[in-house]
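Shown below: structure04.cif, with mmCIF, C-alpha atoms.
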data_input
loop_
_atom_site.label_atom_id
_atom_site.label_comp_id
_atom_site.auth_asym_id
_atom_site.auth_seq_id
_atom_site.Cartn_x
_atom_site.Cartn_y
_atom_site.Cartn_z
CA MET A 9 -17.35 15.16 43.27
CA TRP A 10 -17.83 16.42 39.75
CA LEU A 11 -15.24 19.07 40.51
CA LEU A 12 -12.67 16.33 41.05
CA ALA A 13 -13.81 14.59 37.92
CA ALA A 14 -13.46 17.79 35.96
CA LEU A 15 -9.96 18.26 37.37
CA ALA A 16 -8.97 14.73 36.43
CA ARG A 17 -9.96 15.37 32.85
CA LEU A 18 -7.74 18.39 32.67
CA GLN A 19 -4.55 16.38 32.16
CA PRO A 20 -2.66 18.38 29.55
CA ALA A 21 -2.47 16.78 26.13
CA ALA A 22 1.33 17.19 26.13
CA GLU A 23 1.63 15.04 29.23
CA SER A 24 -0.47 12.17 27.89
CA GLN A 25 1.50 12.28 24.64
CA ALA A 26 4.72 11.88 26.62
CA ASP A 27 3.18 8.93 28.50
CA ASP A 28 2.10 7.35 25.23
CA VAL A 29 5.52 7.69 23.64
CA SER A 30 7.18 6.19 26.69
CA CYS A 31 4.68 3.30 26.61
CA LEU A 32 5.49 2.59 22.96
CA GLN A 33 9.21 2.55 23.75
CA ARG A 34 8.69 0.06 26.54
CA ILE A 35 6.32 -2.06 24.43
CA VAL A 36 9.15 -2.55 21.95
CA SER A 37 11.05 -4.36 24.70
CA GLY A 38 7.99 -6.39 25.64
CA ASP A 39 6.81 -4.46 28.71
CA GLN A 40 3.37 -5.81 29.65
CA ALA A 41 2.48 -2.89 31.95
CA ALA A 42 3.19 -0.41 29.16
CA ALA A 43 0.87 -2.32 26.85
CA GLU A 44 -1.85 -2.23 29.51
CA GLY A 45 -1.34 1.50 29.98
CA LEU A 46 -1.71 2.19 26.29
CA TYR A 47 -4.80 -0.01 26.11
CA ASP A 48 -6.45 1.62 29.11
CA ARG A 49 -5.95 5.11 27.76
CA HIS A 50 -7.05 4.47 24.18
CA ALA A 51 -9.35 1.44 24.00
CA ARG A 52 -12.52 3.48 24.53
CA PRO A 53 -12.12 6.12 21.79
CA LEU A 54 -10.72 3.52 19.38
CA TYR A 55 -13.54 1.08 20.05
CA SER A 56 -16.10 3.86 19.70
CA LEU A 57 -14.77 4.85 16.29
CA ILE A 58 -14.64 1.26 15.06
CA LEU A 59 -18.13 0.57 16.35
CA ARG A 60 -19.43 3.72 14.64
CA ILE A 61 -18.01 2.51 11.34
CA LEU A 62 -18.98 -1.15 11.58
CA GLY A 63 -22.11 -1.02 13.74
CA ASP A 64 -21.40 -4.51 15.08
CA GLU A 65 -19.94 -5.16 18.54
CA GLN A 66 -18.44 -8.54 17.76
CA GLU A 67 -16.65 -7.24 14.69
CA ALA A 68 -15.61 -4.08 16.50
CA GLU A 69 -13.93 -6.18 19.20
CA ASP A 70 -12.05 -8.17 16.56
CA VAL A 71 -10.87 -5.01 14.85
CA LEU A 72 -9.85 -3.46 18.19
CA GLN A 73 -7.59 -6.47 18.71
CA GLU A 74 -6.10 -6.06 15.22
CA VAL A 75 -5.43 -2.39 15.93
CA PHE A 76 -3.48 -3.08 19.10
CA ALA A 77 -1.62 -5.96 17.46
CA GLN A 78 -0.59 -3.62 14.63
CA ALA A 79 0.32 -0.82 17.04
CA PHE A 80 2.50 -3.11 19.18
CA ARG A 81 4.11 -4.58 16.05
CA GLN A 82 4.89 -1.14 14.65
CA ALA A 83 5.69 0.56 17.95
CA SER A 84 9.33 0.96 16.93
CA ARG A 85 8.30 2.73 13.74
CA TYR A 86 6.07 5.33 15.35
CA ASP A 87 7.45 8.76 14.55
CA THR A 88 6.43 11.80 16.61
CA ARG A 89 6.71 14.00 13.55
CA ARG A 90 3.64 12.30 12.14
CA GLY A 91 1.37 13.51 14.90
CA PRO A 92 0.45 12.43 18.41
CA VAL A 93 0.07 8.75 19.32
CA THR A 94 -3.70 9.23 19.64
CA ALA A 95 -3.98 10.36 16.02
CA TRP A 96 -1.73 7.51 14.89
CA LEU A 97 -3.88 4.92 16.66
CA LEU A 98 -7.10 6.47 15.36
CA THR A 99 -5.75 6.33 11.81
CA ILE A 100 -4.94 2.63 12.17
CA ALA A 101 -8.38 1.98 13.65
CA ARG A 102 -10.21 3.85 10.93
CA SER A 103 -8.40 2.17 8.07
CA ARG A 104 -8.77 -1.32 9.60
CA ALA A 105 -12.49 -0.76 10.13
CA ILE A 106 -13.01 0.64 6.64
CA ASP A 107 -11.11 -2.29 5.11
CA ARG A 108 -13.51 -4.61 6.82
CA LEU A 109 -16.52 -2.55 5.82
CA ARG A 110 -15.44 -2.59 2.17
CA ALA A 111 -14.90 -6.32 2.28
CA ARG A 112 -18.33 -6.75 3.79
CA ARG A 113 -20.11 -4.41 1.42
CA THR A 114 -21.38 -6.35 -1.52
CA ARG A 115 -21.25 -4.09 -4.54
CA VAL A 116 -22.94 -0.94 -3.33
CA GLU A 117 -25.11 0.08 -6.18
CA ALA A 118 -24.53 3.75 -6.84
CA ARG A 119 -28.03 4.62 -7.85
CA GLY A 120 -27.69 8.23 -6.93
CA ALA A 121 -29.83 9.33 -4.07
CA GLY A 122 -30.16 12.90 -5.18
CA ILE A 123 -30.75 15.34 -2.41
CA GLU A 124 -30.77 18.51 -4.43
CA ILE A 125 -33.78 19.64 -2.41
CA ILE A 126 -31.74 19.63 0.75
CA ASP A 127 -29.35 22.48 0.51
CA ASP A 128 -27.98 24.87 3.02
CA MET A 129 -28.91 24.50 6.63
CA PRO A 130 -28.69 27.34 9.13
CA ALA A 131 -25.40 27.51 10.97
CA VAL A 132 -25.46 26.74 14.67
CA GLN A 133 -24.25 29.43 17.06
CA LEU A 134 -20.86 28.39 18.35
CA ASP A 135 -19.62 29.01 21.81
CA ALA A 136 -15.94 29.85 21.51
CA ALA A 137 -15.08 28.87 25.07
CA SER A 138 -12.02 26.90 26.10
CA ALA A 139 -11.63 23.51 24.45
CA MET A 140 -9.50 21.89 27.12
CA LEU A 141 -11.83 19.01 27.86
CA ASP A 142 -12.00 16.19 25.36
CA GLU A 143 -15.75 16.17 25.65
CA GLU A 144 -15.77 19.85 24.97
CA ARG A 145 -13.75 19.34 21.82
CA SER A 146 -16.04 16.54 20.68
CA ARG A 147 -18.98 18.79 21.29
CA LEU A 148 -17.44 21.55 19.22
CA VAL A 149 -16.85 19.17 16.35
CA ARG A 150 -20.35 17.74 16.53
CA GLU A 151 -21.83 21.17 16.69
CA ALA A 152 -19.67 22.35 13.82
CA LEU A 153 -20.64 19.27 11.79
CA LEU A 154 -24.29 19.99 12.38
CA GLY A 155 -23.74 23.60 11.40
CA LEU A 156 -22.29 22.66 8.00
CA PRO A 157 -24.50 22.77 4.91
CA LEU A 158 -26.09 19.33 4.68
CA LEU A 159 -24.28 18.37 1.48
CA GLN A 160 -20.88 19.12 2.98
CA ARG A 161 -21.72 17.17 6.08
CA MET A 162 -23.01 14.19 4.14
CA ALA A 163 -19.93 14.20 1.94
CA ILE A 164 -17.63 14.15 4.96
CA GLU A 165 -19.58 11.45 6.75
CA LEU A 166 -19.79 9.23 3.67
CA ALA A 167 -16.05 9.68 3.09
CA TYR A 168 -14.82 9.21 6.62
CA PHE A 169 -17.25 6.82 8.28
CA GLU A 170 -18.57 4.88 5.29
CA GLY A 171 -15.29 4.75 3.38
CA LEU A 172 -16.84 5.77 0.06
CA SER A 173 -14.48 7.24 -2.54
CA HIS A 174 -15.04 10.72 -3.92
CA ALA A 175 -16.42 9.25 -7.12
CA GLU A 176 -18.86 7.07 -5.19
CA ILE A 177 -19.99 10.04 -3.12
CA ALA A 178 -20.47 12.12 -6.26
CA ALA A 179 -22.68 9.42 -7.76
CA ARG A 180 -24.66 8.99 -4.57
CA LEU A 181 -25.33 12.68 -4.03
CA GLU A 182 -25.85 13.35 -7.74
CA GLN A 183 -23.15 15.99 -7.79
CA PRO A 184 -20.16 16.50 -10.10
CA LEU A 185 -16.91 15.03 -8.76
CA GLY A 186 -15.27 18.46 -8.61
CA THR A 187 -18.12 19.79 -6.48
CA ILE A 188 -17.74 16.94 -4.02
CA LYS A 189 -14.02 17.54 -3.68
CA THR A 190 -14.60 21.24 -3.11
CA ARG A 191 -17.31 20.62 -0.54
CA ILE A 192 -15.22 18.14 1.39
CA ARG A 193 -12.34 20.59 1.46
CA LEU A 194 -14.53 23.53 2.51
CA ALA A 195 -16.07 21.44 5.25
CA LEU A 196 -12.72 20.36 6.69
CA LEU A 197 -11.39 23.92 6.57
CA LYS A 198 -14.49 25.10 8.39
CA LEU A 199 -14.06 22.46 11.08
CA ARG A 200 -10.41 23.42 11.38
CA ASP A 201 -11.33 27.04 11.98
CA VAL A 202 -13.85 26.06 14.64
CA LEU A 203 -11.28 23.93 16.44
CA THR A 204 -8.63 26.62 16.24
CA GLU A 205 -10.99 29.25 17.61
CA GLY A 206 -12.14 26.86 20.31
CA ARG A 207 -8.57 26.37 21.46
CA ALA A 208 -7.58 30.03 21.38
CA MET B 28 -8.51 25.68 -12.64
CA THR B 29 -4.75 25.21 -12.76
CA ALA B 30 -3.12 21.82 -12.44
CA HIS B 31 -2.08 22.71 -8.93
CA ASP B 32 -5.58 23.77 -7.89
CA GLU B 33 -6.79 20.43 -9.09
CA LEU B 34 -4.22 18.62 -6.99
CA LYS B 35 -4.83 20.82 -4.00
CA ALA B 36 -8.51 19.94 -4.09
CA ASN B 37 -7.37 16.45 -3.08
CA ALA B 38 -5.64 17.59 0.12
CA ALA B 39 -8.76 17.15 2.22
CA GLY B 40 -9.53 13.77 0.68
CA TYR B 41 -5.98 12.69 1.40
CA ALA B 42 -6.30 13.67 5.06
CA LEU B 43 -9.68 11.92 5.29
CA GLY B 44 -8.33 8.81 3.59
CA SER B 45 -10.97 8.94 0.88
CA LEU B 46 -8.86 9.14 -2.29
CA ASP B 47 -8.76 6.12 -4.54
CA ALA B 48 -5.42 4.34 -4.92
CA ASP B 49 -4.29 6.28 -8.02
CA GLU B 50 -5.24 9.66 -6.62
CA HIS B 51 -3.56 8.78 -3.33
CA ARG B 52 -0.29 7.90 -5.05
CA ALA B 53 -0.39 11.01 -7.23
CA PHE B 54 -1.07 13.28 -4.29
CA GLU B 55 1.59 11.66 -2.14
CA SER B 56 4.23 12.28 -4.77
CA HIS B 57 2.97 15.85 -5.18
CA LEU B 58 3.36 16.35 -1.43
CA THR B 59 7.10 15.74 -1.59
CA GLU B 60 7.51 18.80 -3.77
CA CYS B 61 4.77 21.16 -2.58
CA GLU B 62 5.17 23.03 0.68
CA GLU B 63 1.72 24.63 0.36
CA CYS B 64 -0.09 21.30 0.19
CA ARG B 65 2.07 19.81 2.95
CA THR B 66 1.06 22.69 5.20
CA GLU B 67 -2.60 22.27 4.39
CA VAL B 68 -2.56 18.53 5.01
CA ALA B 69 -0.71 19.01 8.31
CA SER B 70 -3.30 21.54 9.44
CA LEU B 71 -6.09 19.06 8.68
CA TRP B 72 -4.79 16.10 10.71
CA PRO B 73 -6.17 17.45 14.01
CA VAL B 74 -9.54 17.96 12.33
CA VAL B 75 -9.66 14.36 11.19
CA ALA B 76 -8.63 13.17 14.65
CA ALA B 77 -11.38 15.32 16.16
CA LEU B 78 -13.88 13.85 13.71
CA ALA B 79 -12.84 10.40 14.88
CA THR B 80 -13.43 11.23 18.52
CA ALA B 81 -16.70 13.09 17.97
CA VAL B 82 -18.59 9.80 17.73
CA PRO B 83 -20.68 8.56 20.66
CA GLN B 84 -18.26 7.06 23.19
CA VAL B 85 -18.73 3.41 24.09
CA THR B 86 -16.55 1.45 26.52
CA PRO B 87 -15.50 -1.98 25.23
CA ARG B 88 -16.51 -4.96 27.39
CA ALA B 89 -14.10 -5.46 30.29
CA GLU B 90 -13.77 -9.18 29.46
CA ILE B 91 -12.01 -8.56 26.18
CA ARG B 92 -9.16 -6.49 27.68
CA ASP B 93 -6.93 -9.40 28.67
CA ARG B 94 -7.67 -11.39 25.54
CA ILE B 95 -6.81 -8.46 23.30
CA LEU B 96 -3.66 -7.55 25.22
CA GLU B 97 -2.40 -11.12 25.20
CA ALA B 98 -3.06 -11.64 21.50
CA ALA B 99 -1.73 -8.22 20.55
CA MET B 100 1.43 -8.63 22.62
CA ALA B 101 2.06 -12.04 21.06
CA ALA B 102 1.65 -10.56 17.59
CA GLY B 103 3.88 -7.62 18.51
CA GLN B 104 6.65 -9.83 19.89
CA GLN B 105 6.77 -11.99 16.78
CA ARG B 106 7.81 -9.03 14.79
CA THR B 107 10.13 -7.15 17.11
CA GLY B 108 11.92 -10.16 18.59
CA GLN B 109 13.38 -9.92 22.06
CA GLY B 110 16.12 -7.33 21.64
CA SER B 111 15.54 -3.64 22.01
CA SER B 112 18.53 -2.07 20.33
CA SER B 113 18.53 1.68 20.10
CA SER B 114 17.65 1.49 16.43
CA THR B 115 14.25 -0.05 17.19
CA ARG B 116 13.26 2.65 19.64
CA PRO B 117 10.61 5.10 18.53
CA SER B 118 12.24 8.15 17.12
CA VAL B 119 11.33 10.84 19.58
CA ILE B 120 11.63 14.29 18.16
CA ARG B 121 11.31 16.83 20.92
CA ASP B 122 9.17 19.77 20.09
CA ARG B 123 11.32 22.78 20.80
CA LYS B 124 8.30 24.98 21.29
CA SER B 125 7.02 23.10 24.31
CA PRO B 126 9.37 23.48 27.29
CA PRO B 127 8.19 21.86 30.53
CA MET B 128 6.23 24.98 31.33
CA LEU B 129 3.15 23.06 32.31
CA MET B 130 4.88 21.83 35.44
CA TRP B 131 5.03 25.44 36.55
CA LEU B 132 1.38 26.14 36.09
CA PRO B 133 0.48 27.78 39.38
CA LEU B 134 -1.94 25.80 41.47
CA ALA B 135 -4.16 28.82 41.78
CA ALA B 136 -4.62 29.02 38.05
CA ALA B 137 -5.49 25.33 37.94
CA VAL B 138 -8.15 25.82 40.58
CA VAL B 139 -9.66 28.75 38.73
CA VAL B 140 -9.73 26.72 35.55
CA ALA B 141 -11.25 23.75 37.36
CA ILE B 142 -14.06 25.83 38.81
CA GLY B 143 -14.73 27.38 35.44
CA ALA B 144 -14.62 23.96 33.82
CA SER B 145 -17.05 22.40 36.26
CA VAL B 146 -19.57 25.20 35.90
CA TYR B 147 -19.18 24.75 32.20
CA ALA B 148 -19.53 20.97 32.51
CA VAL B 149 -23.04 21.33 33.90
CA ARG B 150 -24.10 23.43 30.96
CA LEU B 151 -22.29 21.05 28.67
CA GLN B 152 -24.21 18.06 29.92
CA ARG B 153 -27.49 19.70 29.04
CA GLN B 154 -26.30 20.64 25.58
CA MET B 155 -24.85 17.19 24.98
CA GLY B 156 -28.19 15.46 25.28
CA GLU B 157 -29.81 17.68 22.71
CA LEU B 158 -26.81 17.49 20.44
CA GLN B 159 -26.66 13.71 20.70
CA ALA B 160 -30.22 13.42 19.49
CA ARG B 161 -29.49 15.57 16.46
CA PHE B 162 -26.27 13.70 15.86
CA ASP B 163 -28.06 10.37 15.91
CA GLN B 164 -30.42 11.72 13.25
CA THR B 165 -27.47 12.71 11.07
CA GLN B 166 -25.81 9.37 11.53
CA ALA B 167 -28.98 7.51 10.65
CA THR B 168 -29.43 9.72 7.58
CA THR B 169 -25.92 8.95 6.39
CA ALA B 170 -26.50 5.26 6.92
CA VAL B 171 -29.61 5.38 4.73
CA LEU B 172 -27.73 7.21 1.98
CA ALA B 173 -25.02 4.56 2.03
CA ALA B 174 -27.50 1.67 2.08
CA PRO B 175 -27.05 -0.94 -0.64
CA ASP B 176 -30.83 -1.30 -0.98
CA LEU B 177 -31.60 2.39 -1.37
CA ALA B 178 -34.77 3.36 -3.25
CA SER B 179 -35.80 6.87 -4.12
CA ILE B 180 -39.36 8.14 -4.50
CA ASN B 181 -40.23 11.63 -5.76
CA LEU B 182 -43.35 13.30 -4.41
CA GLN B 183 -45.41 15.91 -6.24
CA GLY B 184 -47.27 18.78 -4.63
CA GLN B 185 -51.05 18.29 -4.77
CA SER B 186 -53.69 20.91 -5.59
CA VAL B 187 -53.50 22.56 -2.13
CA ALA B 188 -49.75 23.08 -2.54
CA PRO B 189 -48.78 22.70 -6.20
CA ASP B 190 -45.23 24.05 -5.66
CA ALA B 191 -44.36 21.65 -2.89
CA ARG B 192 -42.00 18.83 -3.71
CA ALA B 193 -40.24 16.13 -1.75
CA ARG B 194 -38.10 13.06 -2.00
CA ALA B 195 -38.22 9.94 0.09
CA LEU B 196 -35.05 7.85 0.32
CA TRP B 197 -35.89 4.46 1.70
CA SER B 198 -33.88 1.45 2.69
CA ARG B 199 -35.64 -1.56 4.14
CA SER B 200 -32.70 -2.27 6.40
CA ARG B 201 -31.94 1.29 7.49
CA GLY B 202 -35.08 3.41 7.35
CA LEU B 203 -36.47 6.46 5.62
CA VAL B 204 -34.98 9.87 4.97
CA PHE B 205 -37.65 12.33 3.96
CA THR B 206 -37.00 15.80 2.67
CA ALA B 207 -39.57 18.31 1.53
CA ALA B 208 -39.43 21.85 0.14
CA ASN B 209 -41.95 24.66 -0.47
CA LEU B 210 -44.46 23.40 2.06
CA PRO B 211 -46.74 26.19 3.30
CA PRO B 212 -46.56 26.78 7.07
CA ALA B 213 -48.88 24.42 8.95
CA PRO B 214 -51.83 26.33 10.50
CA PRO B 215 -51.92 26.50 14.33
CA GLY B 216 -52.94 23.19 15.88
CA LYS B 217 -52.01 21.28 12.73
CA ALA B 218 -48.92 19.37 11.61
CA TYR B 219 -47.69 17.53 8.54
CA GLN B 220 -47.59 13.76 8.82
CA VAL B 221 -45.58 11.45 6.56
CA TRP B 222 -47.13 8.15 5.44
CA VAL B 223 -45.61 5.08 3.90
CA VAL B 224 -48.49 3.53 1.99
CA THR B 225 -48.39 -0.25 1.55
CA ALA B 226 -50.89 -2.44 -0.28
CA GLN B 227 -52.48 -3.21 3.12
CA ALA B 228 -52.60 0.20 4.79
CA PRO B 229 -50.88 3.56 5.16
CA ILE B 230 -48.28 3.39 7.95
CA SER B 231 -47.36 6.57 9.79
CA ALA B 232 -43.64 7.41 9.55
CA GLY B 233 -44.04 10.44 11.81
CA LEU B 234 -44.54 14.17 11.87
CA LEU B 235 -42.60 16.63 9.74
CA THR B 236 -41.96 20.20 10.83
CA PRO B 237 -40.73 22.39 7.98
CA ASP B 238 -38.70 25.48 8.84
CA SER B 239 -39.85 29.01 7.99
CA SER B 240 -38.72 28.58 4.38
CA GLY B 241 -40.88 25.47 3.96
CA VAL B 242 -37.98 22.98 4.03
CA GLY B 243 -38.02 19.94 6.27
CA THR B 244 -35.68 16.95 6.46
CA ARG B 245 -36.03 14.05 8.85
CA TYR B 246 -35.02 10.49 9.42
CA TYR B 247 -37.69 7.94 10.34
CA MET B 248 -37.29 4.36 11.38
CA THR B 249 -39.49 1.97 9.42
CA PRO B 250 -40.39 -1.62 10.41
CA ILE B 251 -37.98 -4.06 8.80
CA ASP B 252 -40.84 -6.39 7.79
CA ILE B 253 -42.89 -3.63 6.14
CA ALA B 254 -44.62 -4.58 2.86
CA PRO B 255 -43.13 -2.88 -0.21
CA PRO B 256 -44.44 0.71 -0.29
CA VAL B 257 -46.78 1.55 -3.16
CA ALA B 258 -46.70 5.26 -2.32
CA VAL B 259 -45.40 7.85 0.09
CA ALA B 260 -47.66 10.74 1.07
CA VAL B 261 -47.85 13.80 3.31
CA THR B 262 -51.13 14.96 4.83
CA LEU B 263 -52.12 17.81 7.14
CA GLU B 264 -53.35 16.42 10.46
CA PRO B 265 -54.07 17.50 14.04
CA ALA B 266 -50.77 18.57 15.68
CA ALA B 267 -50.40 15.38 17.74
CA GLY B 268 -50.65 13.15 14.67
CA VAL B 269 -53.25 10.48 13.90
CA PRO B 270 -53.08 6.67 13.49
CA ALA B 271 -54.55 6.76 9.96
CA PRO B 272 -54.67 9.67 7.50
CA THR B 273 -57.72 11.92 7.78
CA GLY B 274 -56.61 15.27 6.37
CA GLU B 275 -55.91 16.77 3.01
CA ARG B 276 -53.03 15.34 0.92
CA TYR B 277 -50.21 17.81 0.27
CA LEU B 278 -47.62 15.54 -1.35
CA VAL B 279 -47.92 12.17 -3.05
CA GLY B 280 -45.34 10.04 -4.83
CA MET B 281 -45.09 6.53 -6.19
CA PRO B 282 -41.98 4.42 -6.75
#

Show me, as structure tokens, the structure contained in the file I just sent.
Amino acid sequence: MWLLAALARLQPAAESQADDVSCLQRIVSGDQAAAEGLYDRHARPLYSLILRILGDEQEAEDVLQEVFAQAFRQASRYDTRRGPVTAWLLTIARSRAIDRLRARRTRVEARGAGIEIIDDMPAVQLDAASAMLDEERSRLVREALLGLPLLQRMAIELAYFEGLSHAEIAARLEQPLGTIKTRIRLALLKLRDVLTEGRA
Amino acid sequence: MTAHDELKANAAGYALGSLDADEHRAFESHLTECEECRTEVASLWPVVAALATAVPQVTPRAEIRDRILEAAMAAGQQRTGQGSSSSTRPSVIRDRKSPPMLMWLPLAAAVVVAIGASVYAVRLQRQMGELQARFDQTQATTAVLAAPDLASINLQGQSVAPDARARALWSRSRGLVFTAANLPPAPPGKAYQVWVVTAQAPISAGLLTPDSSGVGTRYYMTPIDIAPPVAVAVTLEPAAGVPAPTGERYLVGMP
């Protein structure tokens, strides 16, 4: 049974991208089935991201609705040159969720947490096997995240999931702004390398 | 650092969406004239997408599907009207490098891959559980650091370990992140235990296991109705931990 399940997950990314683009085209002309198709393929990862950012199911459901409303409204403006539909939807979801988080956050007092004690953490051994499965890719990213020096990881998480600006992160981690920028960049480049190796 | 290096340092922040409005505008206009930065940003999009999907996956409630689709379709129709002229179609740019080769993937190869994948999936499942636990710790730690009610307490090494130091980051709503350095290795059968000391009693946060270099970092949940801590301490206790401190104090700090 799990063999079938594994097979089902092996749908090539190129194929689902083509499905997504065709759905968007049909949504422009008001095709209900296309809208359902898009929802069924993407609701779970989008909802998961929004829930991770907001930590509240009710709010996450509201934002999920906003995301699909925006996607259907802007379906005609989606441009394949700007990345796959998945990435486009995730970007909408992240920025909608962060907007709400910022609105909710009453003046976060940047007291400076200071974690100079925590520094480099040992890197995790990475298995460079095929990254065809989505779960496999997620695992690689999680593993790579955990393998990053703690400060880099914190900086990325505070930036992406908490929506803090670089200046806010610098204050919170008691690091100069330039250091934070460098660490965020190093961390993303490292993750990129891991993903590229994983795919090769 | 040249002016360009300074701008390029913002490429990652741009991809992550973490630049402030001014920086974002400045970098966007730089992008129009800098091939190098455009290339870097493009190479980072998949990383950001992967970051987005590396969160624990949760299925939304089935009941909301129809509601969301109905509302979203209504909102979508308002904007696009009823017509679907060619100008409103998504602009599909075919990628010349991907011919329909996948359709020709031999069945045999697919079967081989599937068998490999399923063997791998079993191993994966085991690793996922362990990874999830560590990931939850990281997530909780980040949440504490971003907490609006964050308080920080420095701990000093006591006479048994004068070089040891630690910091407790505590948020009533989100818990405690504790990090210690220069702790001597715990003797066999013993373990370090972290205490949040309130005016009523010391409350055990949990055990702390430093690595071989004496550094340990952990997230602990604390009761939301806990009395304000008057101190945070680390003692050496029997390996299983104890309900109230009995052993020697290694680290003590007060707010």

Seminar exercise, completed: Closest of A:Gln160, A:Ile100, A:Tyr168, A:Leu185 to chain B, counting only C-alpha atoms, is A:Tyr168

Exercise. Residues picked by the PyMOL selection byres ((chain A and resi 63-67) around 12) here, as a VMD selection string?
Worked result: (chain A and resid 55 to 62 68 to 74 104 to 106 108 to 109 112 169 to 170) or (chain B and resid 83 85 to 88 91 166 to 167 170 201)

Problem set entry | Shell around Thr262 of chain B at 12 Å using all atoms listed in the file, local window under 6 positions removed, as a PyMOL selection string | chain B and resi 184-185+187-188+210+213+217-223+229+231-235+268-269+271-279

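Each of B:Ala89, B:Thr244, B:Pro215, B:Thr236 was compared to chain A using all atoms listed in the file, and B:Thr244 turns out to be the nearest.
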
Problem set entry | Answer key for the PyMOL selection byres ((chain A and resi 32) around 8), residues as a ChimeraX atom specification | /A:28-31,33-36,42-43,46,80,83-84 /B:117

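For the choices A:Ala163, A:Leu203, A:Arg81, A:Ile188, the atom-to-atom distance to chain B is smallest for A:Arg81 when using all atoms listed in the file.
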